[in-house]
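Here the structure is laid out as structure tokens; the discussion comes afterwards.
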Amino acid sequence: MTYTKGRIVNDADSHTMETQDWLAAHLEGEYKEMYSQVYSKREGGDRIVKMIDAAKARKSDPEARAKALENPIEGAKGWLGYGGFDKEERVEALDWLGFERQLVFPTFGLGAITRAETDDQRYAAATALNKAQQEFCDADARMDCVAFTPLDDPERGLAEAKRAVGAGAKAVMFSAGPAGDKSPGHPDFDPFWQFLQDNKIPFMLHIGPGTKTQPTKFRNNGRERAADLHGGGENLRFPDFMCLWYAPQEFLTAMVYDGVFQRFPDLRGGVIESGAGWVPEFLRMLDHGWYSFNKTDQYLKDMDLMPSEYIKRAVRFTPFPNEDVGHMIRNSAPELYLFSSDYPHPEGTKDPFGKFEASLEGFDEEVKDMFYRTNYDHMMYRKSEALAEAAE
């Protein structure tokens, strides 16, 4: 019996924990040297390397390896998590977890892209990261690789998306902030949205690039900053957590208001690891805004659906395990939400499946199956087995 106890579960959020040479292996010349180390000492590089070395040593110790595989979800997380950066271990972890599919996002490799000073550096780092992620995911068909492409330059962003999808990527992620100096709804990005729609590739917004954090002046509180969830300083903390949903709301508002979801009615996407308790009220406020401004705003008058209906049609969201997904469903719609483990990040907790099961108590099997399986299938343009059988 697997961790998911025989239930068919698609996991909408998992990660790689990149090693120092994760990008360099896919670069040449000056860029190979520039990205020879994913982590700097300022980001806790020495501490991270020690954890990576410990995880590598475990692979040659059968007893330690067997112990780590006894219960990976409750065991060590981060770089010490089973299969955090070793693809062979990840395949074994998936066997134990029992997930049917798993979206795989990068973690700190994205920092090389956000730190880049020029577009050439930015897109070189993105291509290297995507190649590394695809190489990892190619180890097992259950892993759906998520590529990252900066949207600073519409043409280069589209080119990298095309290259990554051609290499096997099943979704494309980008910053939840503005697309360079433009709205994501600017006509310059229509070829990008057209490509995703035509090729049935969903877009992804994920905590990371573009995420809003607590303004730095609030940190001047006379106290030393606490460690983050990984035990160092390279991730977010409680005050930043309270800002997670701001950027996705701004991005999705632009996609609705600028008509992207109207021009591309089969475009789909996910908002991952940004919580979801805010979603029901966000939908209500979108429609409230429409009622308040549509008499004077021609763009609102031209919409063929209410703003909330565009979101319900196009976007899916992952609640955190400690959120009450049952409450969200009762206050919005069951098709909006997805199971996620966040493996091997500690934010996923030691028992995400158990926590979600508790919050879904009282719902019928159809609603539970939507949360665990078919909402993911819809987001990924994948017919569920049940639908395929019905069609036959």
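Each chain of the structure tokens is named A, B, ... in the order shown, its residues numbered from 1; ligands are numbered from 1 in display order.
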Practice problem: Find the residues around Phe195 of chain A up to 12 Å (only C-alpha atoms counted), leave out those fewer than 5 positions away in its own chain, and share them as number ranges by chain. | Solution: A: 155, 157-163, 165-166, 171-172, 189-190, 200-203, 264, 266-268
Just to be explicit: take each residue in the selection above, keep N, CA and C atoms, and write the result as a tab-separated table (two decimals), in the first residue's frame.
```
chain	number	residue	atom	x	y	z
A	155	GLU	N	9.78	38.07	-27.53
A	155	GLU	CA	10.25	37.13	-28.54
A	155	GLU	C	11.16	36.06	-27.94
A	157	GLY	N	11.26	35.19	-24.78
A	157	GLY	CA	10.46	34.39	-23.87
A	157	GLY	C	9.71	33.30	-24.62
A	158	LEU	N	9.15	33.64	-25.75
A	158	LEU	CA	8.43	32.66	-26.57
A	158	LEU	C	9.39	31.62	-27.13
A	159	ALA	N	10.56	32.06	-27.56
A	159	ALA	CA	11.54	31.13	-28.14
A	159	ALA	C	11.96	30.09	-27.12
A	160	GLU	N	12.21	30.51	-25.88
A	160	GLU	CA	12.62	29.54	-24.86
A	160	GLU	C	11.46	28.62	-24.49
A	161	ALA	N	10.26	29.14	-24.46
A	161	ALA	CA	9.10	28.29	-24.19
A	161	ALA	C	8.98	27.21	-25.27
A	162	LYS	N	9.14	27.61	-26.53
A	162	LYS	CA	9.06	26.64	-27.63
A	162	LYS	C	10.15	25.59	-27.52
A	163	ARG	N	11.38	26.03	-27.20
A	163	ARG	CA	12.49	25.08	-27.08
A	163	ARG	C	12.22	24.09	-25.95
A	165	VAL	N	9.34	23.23	-24.44
A	165	VAL	CA	8.21	22.34	-24.72
A	165	VAL	C	8.62	21.28	-25.74
A	166	GLY	N	9.40	21.68	-26.74
A	166	GLY	CA	9.89	20.71	-27.71
A	166	GLY	C	10.77	19.64	-27.07
A	171	ALA	N	4.65	22.23	-18.79
A	171	ALA	CA	4.07	23.48	-18.31
A	171	ALA	C	5.16	24.55	-18.37
A	172	VAL	N	4.75	25.81	-18.40
A	172	VAL	CA	5.70	26.92	-18.48
A	172	VAL	C	5.40	27.92	-17.37
A	189	PHE	N	2.41	39.98	-26.19
A	189	PHE	CA	2.47	38.62	-25.64
A	189	PHE	C	1.41	37.70	-26.21
A	190	ASP	N	0.59	38.20	-27.11
A	190	ASP	CA	-0.44	37.32	-27.69
A	190	ASP	C	0.15	36.09	-28.38
A	200	LYS	N	-1.57	23.15	-25.94
A	200	LYS	CA	-2.15	22.60	-24.71
A	200	LYS	C	-1.11	22.52	-23.59
A	201	ILE	N	-0.46	23.65	-23.36
A	201	ILE	CA	0.55	23.78	-22.31
A	201	ILE	C	0.06	24.82	-21.30
A	202	PRO	N	-0.14	24.45	-20.04
A	202	PRO	CA	-0.61	25.42	-19.06
A	202	PRO	C	0.52	26.34	-18.58
A	203	PHE	N	0.14	27.54	-18.18
A	203	PHE	CA	1.11	28.45	-17.56
A	203	PHE	C	1.05	28.24	-16.04
A	264	PHE	N	-8.19	34.12	-25.61
A	264	PHE	CA	-7.67	32.75	-25.65
A	264	PHE	C	-8.50	31.89	-24.70
A	266	ASP	N	-9.26	28.87	-24.38
A	266	ASP	CA	-8.83	27.55	-23.91
A	266	ASP	C	-7.49	27.60	-23.18
A	267	LEU	N	-7.03	28.80	-22.85
A	267	LEU	CA	-5.80	28.95	-22.08
A	267	LEU	C	-6.05	28.48	-20.65
A	268	ARG	N	-5.09	27.74	-20.10
A	268	ARG	CA	-5.23	27.23	-18.74
A	268	ARG	C	-3.96	27.48	-17.95
```
Practice problem: Any chance you could list, as a VMD selection string, the residues in segment 81-324 of chain A that come up strand (DSSP E) when DSSP is run on the backbone? | Solution: chain A and resid 101 to 105 143 to 148 171 to 173 203 to 206 269 to 272 315 to 317
Quiz prompt | Spatial neighbours of Leu244 of chain A, 7 Å, only C-alpha atoms, chain gap at least 5 places, as an MDAnalysis selection string | solution = chainID A and resid 211:212 274
Writing out the chosen residues with N, CA, C and O atoms as a PDB file, in the first residue's frame:
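Once written, part_15.pdb looks like this:
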```
ATOM      1  N   THR A 211       7.173  37.218  -6.606  1.00  0.00           N
ATOM      2  CA  THR A 211       6.436  37.169  -5.354  1.00  0.00           C
ATOM      3  C   THR A 211       6.707  38.423  -4.535  1.00  0.00           C
ATOM      4  O   THR A 211       7.845  38.863  -4.420  1.00  0.00           O
ATOM      5  N   LYS A 212       5.655  38.987  -3.985  1.00  0.00           N
ATOM      6  CA  LYS A 212       5.821  40.157  -3.131  1.00  0.00           C
ATOM      7  C   LYS A 212       6.200  39.708  -1.726  1.00  0.00           C
ATOM      8  O   LYS A 212       5.666  38.730  -1.202  1.00  0.00           O
ATOM      9  N   SER A 274       0.956  29.325  -3.355  1.00  0.00           N
ATOM     10  CA  SER A 274       0.656  30.691  -2.923  1.00  0.00           C
ATOM     11  C   SER A 274      -0.581  30.695  -2.031  1.00  0.00           C
ATOM     12  O   SER A 274      -1.222  31.730  -1.849  1.00  0.00           O
TER      13      SER A 274
END
```
Contact table segment 119-196 of chain A vs segment 19-39 of chain A, cut-off 8 Å, shortest pair per residue, only C-alpha atoms, as JSON lines:
```
{"residue": "A:Gln121", "atom": "CA", "partner": "A:Tyr31", "partner_atom": "CA", "distance": 7.4}
{"residue": "A:Ala124", "atom": "CA", "partner": "A:Tyr31", "partner_atom": "CA", "distance": 7.4}
{"residue": "A:Ala125", "atom": "CA", "partner": "A:Leu23", "partner_atom": "CA", "distance": 7.2}
{"residue": "A:Ala128", "atom": "CA", "partner": "A:His26", "partner_atom": "CA", "distance": 5.1}
{"residue": "A:Leu129", "atom": "CA", "partner": "A:Leu23", "partner_atom": "CA", "distance": 5.6}
{"residue": "A:Lys131", "atom": "CA", "partner": "A:His26", "partner_atom": "CA", "distance": 6.9}
{"residue": "A:Ala132", "atom": "CA", "partner": "A:Trp22", "partner_atom": "CA", "distance": 6.5}
```
Quiz item: In Å to one decimal, how far is atom CA of Gln102 of chain A from atom CA of Asp61 of chain A?
Solution: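 Between atom CA of Asp61 of chain A and atom CA of Gln102 of chain A the gap works out to 27.5 Å.
The list of residues with at least one atom within 8 Å of Phe356 of chain A, based on only C-alpha atoms and without residues fewer than 5 positions apart in the same chain, reads Pro321, Asn322, Asp324, Val325 and Phe339 of chain A.
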Prev. selection, all heavy atoms, output as an mmCIF file, in the first residue's frame:
```
data_model
loop_
_atom_site.group_PDB
_atom_site.id
_atom_site.type_symbol
_atom_site.label_atom_id
_atom_site.label_comp_id
_atom_site.auth_asym_id
_atom_site.auth_seq_id
_atom_site.Cartn_x
_atom_site.Cartn_y
_atom_site.Cartn_z
ATOM 1 N N PRO A 321 -1.496 22.608 2.987
ATOM 2 C CA PRO A 321 -2.142 21.506 3.715
ATOM 3 C C PRO A 321 -2.867 21.929 4.987
ATOM 4 O O PRO A 321 -3.827 21.278 5.389
ATOM 5 C CB PRO A 321 -0.969 20.570 4.030
ATOM 6 C CG PRO A 321 0.023 20.832 2.946
ATOM 7 C CD PRO A 321 -0.089 22.300 2.671
ATOM 8 N N ASN A 322 -2.421 23.007 5.614
ATOM 9 C CA ASN A 322 -3.065 23.444 6.849
ATOM 10 C C ASN A 322 -4.248 24.376 6.600
ATOM 11 O O ASN A 322 -4.872 24.846 7.558
ATOM 12 C CB ASN A 322 -2.052 24.124 7.768
ATOM 13 C CG ASN A 322 -1.090 23.121 8.383
ATOM 14 O OD1 ASN A 322 -1.493 22.053 8.820
ATOM 15 N ND2 ASN A 322 0.194 23.444 8.399
ATOM 16 N N ASP A 324 -8.139 25.105 5.134
ATOM 17 C CA ASP A 324 -9.386 24.347 5.108
ATOM 18 C C ASP A 324 -9.948 24.358 3.687
ATOM 19 O O ASP A 324 -10.714 25.241 3.320
ATOM 20 C CB ASP A 324 -10.392 24.960 6.090
ATOM 21 C CG ASP A 324 -11.642 24.099 6.263
ATOM 22 O OD1 ASP A 324 -11.865 23.198 5.424
ATOM 23 O OD2 ASP A 324 -12.390 24.344 7.220
ATOM 24 N N VAL A 325 -9.547 23.369 2.892
ATOM 25 C CA VAL A 325 -9.985 23.327 1.498
ATOM 26 C C VAL A 325 -11.493 23.098 1.405
ATOM 27 O O VAL A 325 -12.148 23.568 0.471
ATOM 28 C CB VAL A 325 -9.195 22.259 0.714
ATOM 29 C CG1 VAL A 325 -9.510 20.859 1.200
ATOM 30 C CG2 VAL A 325 -9.459 22.371 -0.778
ATOM 31 N N PHE A 339 -4.680 19.092 -5.171
ATOM 32 C CA PHE A 339 -3.769 18.534 -4.168
ATOM 33 C C PHE A 339 -2.323 18.879 -4.533
ATOM 34 O O PHE A 339 -1.938 18.875 -5.698
ATOM 35 C CB PHE A 339 -3.902 17.014 -4.114
ATOM 36 C CG PHE A 339 -2.839 16.356 -3.274
ATOM 37 C CD1 PHE A 339 -3.002 16.243 -1.908
ATOM 38 C CD2 PHE A 339 -1.668 15.879 -3.849
ATOM 39 C CE1 PHE A 339 -2.025 15.650 -1.121
ATOM 40 C CE2 PHE A 339 -0.678 15.290 -3.075
ATOM 41 C CZ PHE A 339 -0.852 15.172 -1.704
#
```
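For the pair atom CA of Lys383 of chain A and atom CA of Trp245 of chain A, the interatomic distance is 29.4 Å.
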Practice problem: Would you list, as number ranges by chain, the residues of segment 234-391 of chain A that end up in helix (DSSP H, G or I) under DSSP run on this structure's backbone? | Solution: A: 238-241, 246-257, 260-263, 279-293, 298-301, 307-314, 325-331, 334-336, 346-348, 352-359, 365-379, 385-391
Practice problem: Please provide the set of residues having any atom within 9 Å of Gly354 of chain A, restricted to only C-alpha atoms, with same-chain residues fewer than 4 positions apart removed, written as a list in words. | Solution: Thr4, Pro321, Ala358 and Ser359 of chain A
Self-check item: Residue with smallest distance to Ala314 of chain A - pool A:Met285, A:Val256, A:Glu361, A:Arg47, counting only C-alpha atoms
Solution: A:Val256
Exercise. Mind checking which residues fall within 9 Å of segment 88-90 of chain A, counting only C-alpha atoms, ignoring those fewer than 4 positions away in the same chain, and posting them as a list of chain:residue names?
Key: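 The neighbour list is A:Lys59, A:Leu69, A:Tyr82, A:Gly83, A:Gly84, A:Leu94, A:Asp95, A:Phe136, A:Ala139, A:Asp140.
Using only C-alpha atoms, the residues found no farther than 8 Å from Ala54 of chain A, other than those of its own chain fewer than 4 positions away, are Lys50, Arg58 and Leu80 of chain A.
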Self-check item: From A:Met143, A:Met306, A:Ala93, A:Cys137, residue lying nearest Gly289 of chain A [only C-alpha atoms]
Solution: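 Closest to Gly289 of chain A of all the choices is A:Met306.
Note that the spacing between atom CA of Asp304 of chain A and atom CA of Pro154 of chain A amounts to 26.9 Å.
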Quiz item: Hey, which of A:Thr118, A:Asn199, A:Ser14, A:Thr253 ends up closest to Thr318 of chain A? Count only C-alpha atoms.
Solution: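 Closest to Thr318 of chain A of all the choices is A:Ser14.
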